[in-house]
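> This structure is in structure tokens; I'll ask about it shortly.
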Amino acid sequence: MRVFLTGASSGIGEALARHYAVAGATLGLAARRRERLGELIAELPGEHACYVLDVADAAALQAAAEDFIARCGCPDVVIANAGISVGTLADAADDLPAFRRVFETNVTGMAQTLQPFIAAMKARGSGRLVGIASVAGIRGLPGAGAYCASKAATIAYLEALRGELRGSGVEVVTIVPGYIATPMTAVNRYPMPFLLPVDEAARRFARAIERGVSYTVIPWQMGVVAKLLRLLPNPLFDAIFARAGRKPRGLDL
Ligand SMILES: NC(=O)c1ccc[n+]([C@@H]2O[C@H](COP(=O)([O-])OP(=O)(O)OC[C@H]3O[C@@H](n4cnc5c(N)ncnc54)[C@H](OP(=O)(O)O)[C@@H]3O)[C@@H](O)[C@H]2O)c1
């Protein structure tokens, strides 16, 4: 099995890399931090390719995909997992650069990760393209406009991609995580219901990918929450979430 994965230097991506390496897969691991990727690859069983890149850089992803396909063959699974999260306020001019950065990483970065592999997967007639979205994409949470909008965009993008690839043999898997214990959530100063340890999350993600489910919320309890959130009338939603805890602003991205 061959798996190409972004955001492999930390959190969910690192746990997925460990999971697939132990299962015997050949990996292409991408992220910006060279040292962390190097340390991870040194610990993993098997031979793997390392790509130090920013997912906002389309040319770098194109080159990484070409290199991985040439060296290892067309991947069976590509996981667009790299992402950033930061609090933003709509009336703060200083938050606009963060807004842009969140979109170019979480949304454009996802499209730029998956696109270079699609032709090869279609030619072979098989493969799984996986996008890591978020329950935050279900409704707009005050103080997290950029992140919520970016994750809503990934859900819609992945759905469109699924329709485009229908009948090609290439499947699209949308994973919508609730709270997973990673450096991204370690900065949160509010309750995180059903928080899942990262290794368990990686196991459940891999199971969903293996089954080729089109859309899944993990953990399932947050799937129920997501359904309820969708149904909540606006006045009630606004009243509840106006006072909810907020992600810190001004984080390093
Ligand atoms: N943790 C949660 O509760 C949760 C919930 C819902 C969704 N998610 C989503 O799950 C994904 C992984 O999050 P995580 O919790 O594992 O966060 P994390 O521990 O902060 O890891 C994020 C990963 O993304 C990489 N990354 C960030 N910006 C990048 C860029 N411009 N180019 C390349 N790589 C980049 C980081 O590596 P470098 O810094 O080395 O580049 C890191 O490996 C994200 O898409 C996140 O939105 C997480």
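Following the order of the structure tokens, first chain is A, next is B, and so on, with residues numbered from 1 inside each chain and ligands from 1 in the order they appear.
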Please identify the residues whose atoms come within 6 Å of ligand 1, using only C-alpha atoms and all ligand atoms, and report them as a PyMOL selection string.

chain A and resi 6-13+31-33+53-56+81-84+105+132-134+177-185

> Can those selected residues be exported to a file as a JSON list (two decimals), in the first residue's frame so that it contains C-alpha atoms?


```json
[["chain", "number", "residue", "atom", "x", "y", "z"],
["A", 6, "THR", "CA", 0.29, 16.20, 4.24],
["A", 7, "GLY", "CA", 0.64, 17.59, 7.76],
["A", 8, "ALA", "CA", 2.69, 14.55, 8.76],
["A", 9, "SER", "CA", 4.97, 16.38, 11.22],
["A", 10, "SER", "CA", 2.44, 16.62, 14.07],
["A", 11, "GLY", "CA", -0.87, 15.52, 15.57],
["A", 12, "ILE", "CA", -3.26, 13.54, 13.38],
["A", 13, "GLY", "CA", -0.89, 13.37, 10.39],
["A", 31, "ALA", "CA", 4.99, 19.26, 5.97],
["A", 32, "ARG", "CA", 7.05, 22.46, 6.44],
["A", 33, "ARG", "CA", 9.21, 21.40, 9.40],
["A", 53, "LEU", "CA", 6.90, 21.97, 1.53],
["A", 54, "ASP", "CA", 4.14, 24.45, 2.16],
["A", 55, "VAL", "CA", 0.75, 23.28, 0.86],
["A", 56, "ALA", "CA", 0.11, 26.85, -0.29],
["A", 81, "ASN", "CA", -4.62, 16.68, 6.29],
["A", 82, "ALA", "CA", -2.42, 19.80, 6.71],
["A", 83, "GLY", "CA", -4.36, 22.54, 8.39],
["A", 84, "ILE", "CA", -4.15, 25.50, 10.75],
["A", 105, "THR", "CA", -3.63, 26.33, 3.82],
["A", 132, "ILE", "CA", -9.73, 16.22, 6.66],
["A", 133, "ALA", "CA", -12.50, 18.74, 7.30],
["A", 134, "SER", "CA", -13.95, 19.57, 10.76],
["A", 177, "PRO", "CA", -13.25, 15.23, 13.10],
["A", 178, "GLY", "CA", -14.67, 16.47, 16.36],
["A", 179, "TYR", "CA", -12.05, 17.18, 19.05],
["A", 180, "ILE", "CA", -8.78, 15.24, 18.81],
["A", 181, "ALA", "CA", -5.97, 15.70, 21.36],
["A", 182, "THR", "CA", -3.16, 17.31, 19.29],
["A", 183, "PRO", "CA", -1.05, 20.49, 19.51],
["A", 184, "MET", "CA", -3.89, 22.25, 17.62],
["A", 185, "THR", "CA", -6.37, 21.67, 20.47]]
```

> Can you tell me which residues surround Gly137 of chain A at a distance of at most 6 Å, considering only C-alpha atoms, apart from same-chain residues fewer than 2 positions away, and format the answer as a PDB file with all heavy atoms, in the first residue's frame?


```
ATOM      1  N   SER A 134     -13.764  19.358   9.318  1.00  0.00           N
ATOM      2  CA  SER A 134     -13.951  19.570  10.761  1.00  0.00           C
ATOM      3  C   SER A 134     -15.425  19.795  11.059  1.00  0.00           C
ATOM      4  O   SER A 134     -16.149  20.361  10.229  1.00  0.00           O
ATOM      5  CB  SER A 134     -13.165  20.798  11.235  1.00  0.00           C
ATOM      6  OG  SER A 134     -13.500  21.114  12.571  1.00  0.00           O
ATOM      7  N   VAL A 135     -15.835  19.410  12.266  1.00  0.00           N
ATOM      8  CA  VAL A 135     -17.191  19.728  12.722  1.00  0.00           C
ATOM      9  C   VAL A 135     -17.378  21.258  12.749  1.00  0.00           C
ATOM     10  O   VAL A 135     -18.494  21.756  12.617  1.00  0.00           O
ATOM     11  CB  VAL A 135     -17.449  19.073  14.110  1.00  0.00           C
ATOM     12  CG1 VAL A 135     -18.697  19.641  14.772  1.00  0.00           C
ATOM     13  CG2 VAL A 135     -17.588  17.565  13.961  1.00  0.00           C
ATOM     14  N   ARG A 139     -21.303  24.783  11.214  1.00  0.00           N
ATOM     15  CA  ARG A 139     -21.927  26.090  11.426  1.00  0.00           C
ATOM     16  C   ARG A 139     -20.838  27.102  11.768  1.00  0.00           C
ATOM     17  O   ARG A 139     -19.757  26.731  12.215  1.00  0.00           O
ATOM     18  CB  ARG A 139     -22.948  26.036  12.568  1.00  0.00           C
ATOM     19  CG  ARG A 139     -24.091  25.110  12.204  1.00  0.00           C
ATOM     20  CD  ARG A 139     -25.415  25.458  12.760  1.00  0.00           C
ATOM     21  NE  ARG A 139     -25.989  26.728  12.413  1.00  0.00           N
ATOM     22  CZ  ARG A 139     -27.246  27.064  12.710  1.00  0.00           C
ATOM     23  NH1 ARG A 139     -28.027  26.209  13.324  1.00  0.00           N
ATOM     24  NH2 ARG A 139     -27.724  28.245  12.402  1.00  0.00           N
ATOM     25  N   CYS A 148     -13.934  28.201  10.526  1.00  0.00           N
ATOM     26  CA  CYS A 148     -15.214  27.567  10.204  1.00  0.00           C
ATOM     27  C   CYS A 148     -15.508  27.681   8.704  1.00  0.00           C
ATOM     28  O   CYS A 148     -15.923  26.709   8.068  1.00  0.00           O
ATOM     29  CB  CYS A 148     -16.348  28.211  10.994  1.00  0.00           C
ATOM     30  SG  CYS A 148     -16.275  27.849  12.749  1.00  0.00           S
ATOM     31  N   LYS A 151     -13.356  25.272   6.729  1.00  0.00           N
ATOM     32  CA  LYS A 151     -13.725  23.857   6.829  1.00  0.00           C
ATOM     33  C   LYS A 151     -15.057  23.589   6.127  1.00  0.00           C
ATOM     34  O   LYS A 151     -15.266  22.515   5.561  1.00  0.00           O
ATOM     35  CB  LYS A 151     -13.734  23.415   8.294  1.00  0.00           C
ATOM     36  CG  LYS A 151     -12.335  23.378   8.906  1.00  0.00           C
ATOM     37  CD  LYS A 151     -11.425  22.375   8.169  1.00  0.00           C
ATOM     38  CE  LYS A 151     -10.035  22.289   8.739  1.00  0.00           C
ATOM     39  NZ  LYS A 151      -9.189  21.265   8.079  1.00  0.00           N
ATOM     40  N   ALA A 152     -15.976  24.580   6.151  1.00  0.00           N
ATOM     41  CA  ALA A 152     -17.212  24.444   5.367  1.00  0.00           C
ATOM     42  C   ALA A 152     -16.840  24.348   3.885  1.00  0.00           C
ATOM     43  O   ALA A 152     -17.422  23.553   3.127  1.00  0.00           O
ATOM     44  CB  ALA A 152     -18.129  25.636   5.618  1.00  0.00           C
TER      45      ALA A 152
END
```

> Write out as an MDAnalysis selection string which residues come within 7 Å of Cys50 of chain A when counting only C-alpha atoms, dropping same-chain ones fewer than 6 positions away.

chainID A and resid 28:30 37

> Between A:Ala146, A:Leu27, A:Val22, A:Ala153, single out the one closest to Pro97 of chain A, counting only C-alpha atoms.

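Under the stated criterion, the closest residue is A:Ala146.
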
> List every residue of segment 45-197 of chain A that DSSP, applied to the backbone of this structure, assigns to helix (DSSP H, G or I), and report them as a ChimeraX atom specification.

/A:58-72,93-124,135-137,145-164,183-186

> Could you pull out the strand (DSSP E) residues of segment 9-177 of chain A from DSSP and send them as a PyMOL selection string?

chain A and resi 26-31+49-52+77-80+127-132+170-177

> Produce a file of the selected residues containing C-alpha atoms, as a PDB file, in the first residue's frame.


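What ended up in part12.pdb:
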```pdb
ATOM      1  CA  THR A  26       5.210   3.056   1.815  1.00  0.00           C
ATOM      2  CA  LEU A  27       4.628   6.700   2.694  1.00  0.00           C
ATOM      3  CA  GLY A  28       5.145  10.109   1.141  1.00  0.00           C
ATOM      4  CA  LEU A  29       5.166  12.526   4.065  1.00  0.00           C
ATOM      5  CA  ALA A  30       4.808  16.289   3.589  1.00  0.00           C
ATOM      6  CA  ALA A  31       4.988  19.260   5.970  1.00  0.00           C
ATOM      7  CA  ALA A  49       9.804   9.702   1.034  1.00  0.00           C
ATOM      8  CA  CYS A  50       9.928  13.078   2.759  1.00  0.00           C
ATOM      9  CA  TYR A  51       8.713  16.348   1.193  1.00  0.00           C
ATOM     10  CA  VAL A  52       9.457  19.601   2.985  1.00  0.00           C
ATOM     11  CA  VAL A  77      -4.484   6.824  -0.691  1.00  0.00           C
ATOM     12  CA  VAL A  78      -3.773  10.574  -0.631  1.00  0.00           C
ATOM     13  CA  ILE A  79      -4.702  12.384   2.578  1.00  0.00           C
ATOM     14  CA  ALA A  80      -4.991  16.195   2.545  1.00  0.00           C
ATOM     15  CA  GLY A 127      -7.553   5.213  -5.424  1.00  0.00           C
ATOM     16  CA  ARG A 128      -8.859   7.154  -2.454  1.00  0.00           C
ATOM     17  CA  LEU A 129      -8.635  10.898  -2.040  1.00  0.00           C
ATOM     18  CA  VAL A 130      -9.158  11.878   1.584  1.00  0.00           C
ATOM     19  CA  GLY A 131      -9.839  15.336   2.973  1.00  0.00           C
ATOM     20  CA  ILE A 132      -9.731  16.215   6.662  1.00  0.00           C
ATOM     21  CA  VAL A 170     -11.475   6.901  -7.578  1.00  0.00           C
ATOM     22  CA  GLU A 171     -13.290   7.437  -4.282  1.00  0.00           C
ATOM     23  CA  VAL A 172     -13.443  10.568  -2.147  1.00  0.00           C
ATOM     24  CA  VAL A 173     -13.536  10.255   1.647  1.00  0.00           C
ATOM     25  CA  THR A 174     -14.544  13.285   3.730  1.00  0.00           C
ATOM     26  CA  ILE A 175     -13.478  12.927   7.354  1.00  0.00           C
ATOM     27  CA  VAL A 176     -15.056  15.394   9.752  1.00  0.00           C
ATOM     28  CA  PRO A 177     -13.248  15.233  13.104  1.00  0.00           C
TER      29      PRO A 177
END
```

> Which one is closest to Tyr190 of chain A: A:Ala244, A:Ala65, A:Ala98, A:Leu231? Count only C-alpha atoms.

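Among the listed residues, A:Ala244 lies closest to Tyr190 of chain A.
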
> Between A:Ala136, A:Val107, A:Ala123, A:Cys72, which is the closest to Ala156 of chain A once you count only C-alpha atoms?

A:Val107

> Considering only C-alpha atoms, state which residue in the set A:Leu253, A:Ile218, A:Ala63, A:Ile69 is at the smallest distance from Phe99 of chain A.

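Counting only C-alpha atoms, the residue closest to Phe99 of chain A is A:Leu253.
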